[in-house]
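The file input_16.txt contains compact mmCIF, C-alpha atoms and all ligand atoms:
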```txt
# COMPACT_ATOMS: atom_id res chain seq x y z
CA MET A 8 15.13 31.18 -1.78
CA GLU A 9 18.23 33.05 -3.01
CA ASN A 10 20.00 31.07 -5.79
CA LYS A 11 17.83 27.98 -5.33
CA THR A 12 16.38 26.28 -8.41
CA ILE A 13 12.63 25.77 -8.17
CA LEU A 14 10.67 23.58 -10.59
CA ILE A 15 6.93 24.30 -10.59
CA THR A 16 4.39 22.19 -12.47
CA GLY A 17 1.33 24.06 -13.74
CA GLY A 18 3.31 27.29 -13.46
CA SER A 19 1.63 29.27 -16.24
CA ARG A 20 -1.50 30.33 -14.35
CA GLY A 21 -3.13 30.58 -10.92
CA ILE A 22 -1.28 29.31 -7.84
CA GLY A 23 1.68 28.00 -9.86
CA ALA A 24 2.23 31.33 -11.62
CA ALA A 25 2.01 33.27 -8.34
CA THR A 26 4.54 30.86 -6.79
CA ALA A 27 6.93 31.28 -9.72
CA ILE A 28 6.82 35.07 -9.55
CA LEU A 29 7.17 35.23 -5.75
CA ALA A 30 10.08 32.76 -5.84
CA ALA A 31 11.80 34.87 -8.51
CA GLU A 32 11.32 38.01 -6.43
CA ARG A 33 13.09 36.15 -3.61
CA GLY A 34 16.06 35.30 -5.80
CA ALA A 35 15.25 31.75 -6.95
CA ASN A 36 15.88 30.60 -10.52
CA VAL A 37 12.60 29.29 -11.88
CA PHE A 38 11.59 26.48 -14.23
CA ILE A 39 7.91 26.12 -15.03
CA ASN A 40 5.96 23.35 -16.68
CA TYR A 41 2.51 24.00 -18.16
CA ARG A 42 0.04 22.11 -20.33
CA SER A 43 -0.52 24.28 -23.43
CA ASN A 44 -1.01 27.99 -22.66
CA HIS A 45 2.24 29.37 -24.14
CA GLU A 46 1.07 32.97 -23.87
CA ALA A 47 0.42 32.72 -20.13
CA ALA A 48 3.73 30.88 -19.59
CA THR A 49 5.63 33.56 -21.52
CA LYS A 50 4.14 36.28 -19.30
CA VAL A 51 5.23 34.42 -16.16
CA LEU A 52 8.76 34.02 -17.56
CA GLU A 53 8.92 37.73 -18.35
CA SER A 54 7.87 38.63 -14.79
CA CYS A 55 10.47 36.26 -13.33
CA ARG A 56 13.27 37.60 -15.56
CA THR A 57 12.32 41.16 -14.62
CA ALA A 58 13.16 40.14 -11.05
CA GLY A 59 16.70 39.37 -12.29
CA VAL A 60 16.73 35.57 -12.15
CA LYS A 61 16.95 32.80 -14.74
CA ALA A 62 13.55 31.52 -15.89
CA GLU A 63 12.70 28.81 -18.43
CA ALA A 64 9.64 26.75 -19.32
CA LEU A 65 8.58 23.58 -21.09
CA ALA A 66 5.09 22.50 -22.08
CA GLY A 67 4.12 18.95 -21.17
CA ASN A 68 1.52 16.78 -19.51
CA VAL A 69 2.55 15.72 -16.00
CA GLY A 70 0.53 12.55 -16.46
CA MET A 71 2.87 11.40 -19.27
CA GLU A 72 6.15 9.87 -18.15
CA ASP A 73 8.15 11.06 -21.18
CA ASP A 74 6.98 14.65 -20.64
CA VAL A 75 8.04 14.51 -16.97
CA LEU A 76 11.48 13.15 -17.89
CA ALA A 77 11.88 15.91 -20.51
CA MET A 78 10.88 18.54 -17.93
CA PHE A 79 13.50 17.47 -15.40
CA GLU A 80 16.17 17.19 -18.09
CA ALA A 81 15.41 20.66 -19.43
CA CYS A 82 15.44 22.12 -15.92
CA SER A 83 18.83 20.60 -15.14
CA ASN A 84 20.32 21.64 -18.51
CA LYS A 85 18.96 25.19 -18.66
CA ILE A 86 18.78 26.27 -15.00
CA GLY A 87 20.25 23.61 -12.74
CA THR A 88 19.27 20.57 -10.71
CA PRO A 89 16.07 21.44 -8.84
CA ASP A 90 16.38 22.16 -5.11
CA VAL A 91 12.60 22.48 -4.88
CA LEU A 92 9.74 20.73 -6.66
CA VAL A 93 6.29 22.28 -6.38
CA ASN A 94 3.88 19.55 -7.46
CA ASN A 95 1.12 21.97 -8.39
CA ALA A 96 -0.46 20.96 -11.73
CA GLY A 97 -3.98 19.72 -11.17
CA ILE A 98 -7.33 19.52 -12.92
CA LEU A 99 -10.98 19.62 -12.02
CA HIS A 100 -13.92 18.41 -14.12
CA LYS A 101 -17.48 19.74 -14.21
CA LEU A 102 -19.43 19.79 -10.96
CA ASP A 103 -21.41 16.55 -10.86
CA ARG A 104 -22.48 13.65 -8.67
CA VAL A 105 -20.51 10.38 -8.56
CA GLU A 106 -23.37 8.47 -10.24
CA ASN A 107 -22.74 10.46 -13.43
CA TYR A 108 -18.94 10.15 -13.70
CA SER A 109 -17.59 8.52 -16.88
CA ALA A 110 -14.61 6.18 -16.77
CA GLU A 111 -12.79 8.67 -19.02
CA ARG A 112 -13.28 11.49 -16.50
CA LEU A 113 -12.00 9.29 -13.65
CA HIS A 114 -8.94 8.13 -15.60
CA GLU A 115 -8.00 11.68 -16.53
CA VAL A 116 -8.27 13.19 -13.05
CA VAL A 117 -6.36 10.28 -11.51
CA THR A 118 -3.68 10.39 -14.20
CA VAL A 119 -2.98 14.12 -13.92
CA ASN A 120 -3.53 14.65 -10.18
CA ILE A 121 -2.07 11.42 -8.77
CA VAL A 122 0.13 9.72 -11.38
CA GLY A 123 1.53 13.10 -12.44
CA ALA A 124 2.41 14.08 -8.88
CA PHE A 125 4.05 10.69 -8.25
CA LEU A 126 6.11 10.81 -11.45
CA CYS A 127 7.38 14.30 -10.62
CA ALA A 128 8.11 13.34 -7.00
CA ARG A 129 9.98 10.24 -8.22
CA GLU A 130 12.20 12.29 -10.51
CA ALA A 131 12.79 14.87 -7.78
CA VAL A 132 13.89 12.16 -5.33
CA ARG A 133 16.22 10.69 -7.96
CA VAL A 134 18.10 14.00 -8.38
CA MET A 135 17.84 15.36 -4.82
CA SER A 136 18.56 12.30 -2.67
CA LYS A 137 21.88 12.50 -0.81
CA SER A 138 22.15 8.71 -1.01
CA ARG A 139 22.19 9.09 -4.82
CA GLY A 140 24.78 11.90 -4.79
CA GLY A 141 22.28 14.78 -4.68
CA SER A 142 22.24 17.78 -2.33
CA GLY A 143 18.81 17.24 -0.77
CA GLY A 144 15.78 19.40 -1.38
CA SER A 145 12.15 20.13 -0.69
CA ILE A 146 9.01 18.79 -2.34
CA VAL A 147 5.79 20.73 -1.83
CA ASN A 148 2.63 18.97 -2.96
CA VAL A 149 -0.41 21.12 -3.68
CA SER A 150 -3.30 19.20 -2.18
CA SER A 151 -6.65 20.80 -1.31
CA ALA A 152 -9.14 21.36 1.49
CA ALA A 153 -11.26 19.05 -0.70
CA ALA A 154 -9.13 16.18 0.71
CA TYR A 155 -10.90 16.53 4.08
CA LEU A 156 -14.22 18.05 2.87
CA GLY A 157 -14.89 15.36 0.24
CA SER A 158 -16.64 17.84 -2.13
CA PRO A 159 -20.05 16.09 -2.24
CA ASN A 160 -22.27 16.90 -5.25
CA GLU A 161 -19.37 18.72 -6.87
CA TYR A 162 -16.24 16.63 -7.50
CA VAL A 163 -15.72 13.73 -5.13
CA ASP A 164 -13.25 12.29 -7.66
CA TYR A 165 -11.01 15.36 -7.45
CA ALA A 166 -11.26 15.39 -3.65
CA ALA A 167 -10.18 11.74 -3.56
CA THR A 168 -7.12 12.50 -5.69
CA LYS A 169 -6.12 15.14 -3.15
CA GLY A 170 -6.59 12.60 -0.35
CA ALA A 171 -4.10 10.45 -2.24
CA ILE A 172 -1.68 13.38 -2.40
CA ASP A 173 -1.91 13.80 1.38
CA THR A 174 -1.16 10.10 1.87
CA MET A 175 1.74 10.23 -0.57
CA THR A 176 3.10 13.22 1.37
CA THR A 177 3.00 11.26 4.64
CA GLY A 178 4.67 8.16 3.24
CA LEU A 179 7.29 9.81 1.05
CA ALA A 180 8.30 12.26 3.81
CA ILE A 181 9.24 9.31 6.03
CA GLU A 182 10.83 7.37 3.18
CA VAL A 183 13.31 10.14 2.30
CA ALA A 184 13.75 11.82 5.70
CA THR A 185 17.36 10.64 6.04
CA GLU A 186 18.19 11.59 2.44
CA GLY A 187 18.00 15.36 2.93
CA ILE A 188 14.56 15.72 1.33
CA ARG A 189 11.54 17.22 3.05
CA VAL A 190 8.06 16.51 1.68
CA ASN A 191 5.05 18.59 2.70
CA ALA A 192 1.59 19.45 1.43
CA VAL A 193 -0.38 22.68 1.34
CA ARG A 194 -4.16 22.36 1.36
CA PRO A 195 -5.62 25.50 -0.22
CA GLY A 196 -9.26 26.29 0.30
CA ILE A 197 -11.15 28.05 -2.46
CA THR A 198 -8.70 30.30 -4.27
CA ASP A 199 -9.38 32.89 -6.94
CA THR A 200 -8.08 31.20 -10.13
CA ASP A 201 -9.41 30.03 -13.51
CA ILE A 202 -9.98 26.50 -12.21
CA HIS A 203 -13.51 27.35 -11.03
CA GLU A 204 -16.41 27.20 -13.42
CA GLY A 205 -19.13 29.88 -13.62
CA ASP A 206 -20.04 31.69 -10.41
CA ARG A 207 -18.71 29.01 -8.02
CA LEU A 208 -16.27 31.41 -6.36
CA GLU A 209 -19.07 33.87 -5.52
CA ARG A 210 -21.39 31.07 -4.34
CA VAL A 211 -18.89 29.35 -2.06
CA SER A 212 -16.91 32.26 -0.64
CA PRO A 213 -19.60 33.39 1.89
CA LYS A 214 -19.48 29.89 3.47
CA ILE A 215 -15.77 30.26 4.33
CA PRO A 216 -15.18 31.48 7.93
CA MET A 217 -13.24 34.46 6.55
CA GLN A 218 -16.04 34.90 3.97
CA ARG A 219 -13.72 35.30 1.03
CA ALA A 220 -11.63 33.25 -1.38
CA GLY A 221 -7.87 33.15 -0.99
CA THR A 222 -5.56 34.81 -3.49
CA PRO A 223 -2.97 32.80 -5.43
CA THR A 224 -0.24 34.83 -3.71
CA GLU A 225 -1.53 33.84 -0.24
CA ILE A 226 -1.15 30.18 -1.24
CA ALA A 227 2.25 30.87 -2.83
CA GLU A 228 3.51 32.40 0.45
CA THR A 229 2.82 29.13 2.28
CA ILE A 230 4.29 27.01 -0.53
CA LEU A 231 7.50 29.04 -0.38
CA PHE A 232 7.66 28.76 3.43
CA LEU A 233 7.61 24.96 3.06
CA ALA A 234 10.06 25.16 0.14
CA SER A 235 12.55 27.30 2.04
CA ASP A 236 15.04 26.60 4.80
CA ALA A 237 12.72 28.52 7.18
CA SER A 238 10.85 25.20 7.51
CA SER A 239 13.96 23.02 7.88
CA TYR A 240 12.42 20.82 10.61
CA VAL A 241 9.02 20.46 8.90
CA SER A 242 8.31 17.30 6.92
CA GLY A 243 5.17 15.25 6.38
CA ALA A 244 2.98 18.27 7.24
CA HIS A 245 -0.39 19.06 5.66
CA LEU A 246 -0.85 22.78 6.04
CA ASN A 247 -4.38 24.18 5.57
CA VAL A 248 -4.45 27.55 3.80
CA SER A 249 -8.18 27.81 3.67
CA GLY A 250 -9.58 30.85 5.44
CA GLY A 251 -10.43 28.94 8.64
CA ARG A 252 -12.27 25.92 7.24
P1 LIG B 1 -5.44 26.80 -12.74
O1 LIG B 1 -5.55 28.26 -12.53
O2 LIG B 1 -6.50 26.08 -13.50
O3 LIG B 1 -4.01 26.51 -13.42
C1 LIG B 1 -3.69 25.18 -13.70
C2 LIG B 1 -2.24 25.11 -14.15
O4 LIG B 1 -1.91 23.71 -14.33
C3 LIG B 1 -1.99 25.77 -15.47
O5 LIG B 1 -0.67 26.25 -15.46
C4 LIG B 1 -2.14 24.62 -16.48
O6 LIG B 1 -1.42 24.83 -17.68
C5 LIG B 1 -1.51 23.49 -15.68
N1 LIG B 1 -1.94 22.16 -16.06
C6 LIG B 1 -3.20 21.66 -16.16
N2 LIG B 1 -3.17 20.36 -16.51
C7 LIG B 1 -1.86 20.03 -16.64
C8 LIG B 1 -1.17 18.86 -17.00
N3 LIG B 1 -1.83 17.73 -17.30
N4 LIG B 1 0.18 18.89 -17.04
C9 LIG B 1 0.86 20.01 -16.74
N5 LIG B 1 0.27 21.16 -16.39
C10 LIG B 1 -1.07 21.17 -16.36
O7 LIG B 1 -5.32 26.00 -11.35
P2 LIG B 1 -5.07 26.51 -9.85
O8 LIG B 1 -6.38 26.87 -9.27
O9 LIG B 1 -3.94 27.47 -9.82
O10 LIG B 1 -4.66 25.12 -9.17
C11 LIG B 1 -3.32 24.75 -8.93
C12 LIG B 1 -3.32 23.60 -7.94
O11 LIG B 1 -3.97 24.02 -6.74
C13 LIG B 1 -4.09 22.37 -8.42
O12 LIG B 1 -3.42 21.20 -8.02
C14 LIG B 1 -5.42 22.48 -7.71
O13 LIG B 1 -6.03 21.24 -7.52
C15 LIG B 1 -4.97 23.10 -6.39
N6 LIG B 1 -6.03 23.79 -5.65
C16 LIG B 1 -6.67 24.85 -6.20
C17 LIG B 1 -7.68 25.47 -5.47
C18 LIG B 1 -8.46 26.65 -6.00
O14 LIG B 1 -9.50 27.00 -5.40
N7 LIG B 1 -8.02 27.30 -7.07
C19 LIG B 1 -8.02 24.99 -4.20
C20 LIG B 1 -7.33 23.89 -3.68
C21 LIG B 1 -6.33 23.30 -4.43
P3 LIG B 1 -2.08 25.68 -18.92
O15 LIG B 1 -2.03 27.12 -18.51
O16 LIG B 1 -1.17 25.39 -20.07
O17 LIG B 1 -3.47 25.16 -19.10
```
Once more with this new file: its structure as structure tokens, please.
Ligand code: NAP
Amino acid sequence: MENKTILITGGSRGIGAATAILAAERGANVFINYRSNHEAATKVLESCRTAGVKAEALAGNVGMEDDVLAMFEACSNKIGTPDVLVNNAGILHKLDRVENYSAERLHEVVTVNIVGAFLCAREAVRVMSKSRGGSGGSIVNVSSAAAYLGSPNEYVDYAATKGAIDTMTTGLAIEVATEGIRVNAVRPGITDTDIHEGDRLERVSPKIPMQRAGTPTEIAETILFLASDASSYVSGAHLNVSGGR
């Protein structure tokens, strides 16, 4: 990752923050987007800079086109054109059955998890594509094991957005394969971050074959494998990082 520029959405906490710090430790210059938690973002930037690389951040909602455009512009101006996009920002609503979902809930999860990922991927393709004068690059989409489990009685809506991310990964990987851009997805299983409400982590972990949740750094390791030249012949892959399930 030495001297590469990596742009990570949702980089202030959880999997995104772990990816930012690990990338910095491997010599990448880091740009993070986050929604609103300035304090958490500042801590991530400090950790990255301690590793001796450039690190900058901009708050914004990935579901809003203007915010995505501002994020890519700030990354290019302050750090450089991104070589890697980690499409990581994602949200989850309260555990509930489909019969109780409001239209507002559905619009929000689709806007952030699908529209946001598409807008960021679109901007990444525009700057990375060799046919547009770019140098190529790697897009890593953070999907979820929920895409193949469906998450019944919990969040079928969220699971469906991750199914969409898997499909986008398949299609976009083929679309840009001759343009120097690789597109892959990681599918984390339950991972120890703030995204989970209440005691869900403790309840679900014993059902995992490895009987534990993953750590954000374990997910980050796989993201950075797909981001790096070590995976130069891998595109369109959906890699489960889910403790055996
Ligand atoms: P997290 O700890 O809740 O962190 C979410 C991050 O996304 C934060 O940096 C947050 O910013 C940012 N964010 C939220 N909404 C945003 C928006 N609209 N625009 C821009 N940034 C936004 O989440 P996580 O568990 O690390 O999850 C990261 C990704 O992994 C998600 O796509 C999630 O679906 C996926 N995933 C997680 C798990 C798991 O078990 N944790 C499993 C499978 C997949 P603020 O700090 O400003 O709020």
Discussion item. Taking 2 positions as the minimum chain separation for residues in the same chain, which residues sit within 10 Å of range 172-188 of chain A when counting all atoms listed in the file? Answer as a PyMOL selection string.
Written reply: chain A and resi 90-91+94+120-122+124-125+128-129+131-132+135-151+154-155+166-170+190-194+239+241-245
Worksheet item: Lys101 in chain A: which residues within 10 Å, counting all atoms listed in the file, same-chain residues fewer than 5 positions away excluded, as a list in words?
Response: Tyr108, Arg112, Glu161, Tyr162, His203 and Glu204 of chain A
Item to complete: Could you report the residues within 6 Å of ligand LIG 1 (chain B), using only C-alpha atoms and all ligand atoms, as a ChimeraX atom specification?
Response: /A:16-23,41-44,67-70,95-98,119,149-151,195-202
Worksheet item: How far is it from CA of Met217 in chain A to CA of Ser158 in chain A, in Å with one decimal?
Response: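 Between these atoms lies a distance of 19.1 Å.
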Wanna dump the range 28-47 of chain A-range 53-56 of chain A contacts at 9 Å for me, each residue with its shortest atom pair and the distance in Å to one decimal, counting all atoms listed in the file, ordered by chain and number, as JSON lines?
```
{"residue": "A:Ile28", "atom": "CA", "partner": "A:Cys55", "partner_atom": "CA", "distance": 5.4}
{"residue": "A:Leu29", "atom": "CA", "partner": "A:Cys55", "partner_atom": "CA", "distance": 8.3}
{"residue": "A:Ala30", "atom": "CA", "partner": "A:Cys55", "partner_atom": "CA", "distance": 8.3}
{"residue": "A:Ala31", "atom": "CA", "partner": "A:Cys55", "partner_atom": "CA", "distance": 5.2}
{"residue": "A:Glu32", "atom": "CA", "partner": "A:Cys55", "partner_atom": "CA", "distance": 7.2}
{"residue": "A:Asn36", "atom": "CA", "partner": "A:Cys55", "partner_atom": "CA", "distance": 8.3}
{"residue": "A:Val37", "atom": "CA", "partner": "A:Cys55", "partner_atom": "CA", "distance": 7.4}
```
Would you export the selected residues with C-alpha atoms as a JSON list (two decimals), in the frame of the given file, please?
```json
[["chain", "number", "residue", "atom", "x", "y", "z"],
["A", 28, "ILE", "CA", 6.82, 35.07, -9.55],
["A", 29, "LEU", "CA", 7.17, 35.23, -5.75],
["A", 30, "ALA", "CA", 10.08, 32.76, -5.84],
["A", 31, "ALA", "CA", 11.80, 34.87, -8.51],
["A", 32, "GLU", "CA", 11.32, 38.01, -6.43],
["A", 36, "ASN", "CA", 15.88, 30.60, -10.52],
["A", 37, "VAL", "CA", 12.60, 29.29, -11.88]]
```
Worksheet item: What does the distance between CA of Ala64 in chain A and CA of Val117 in chain A come to in Å, to one decimal place?
Response: 24.3 Å
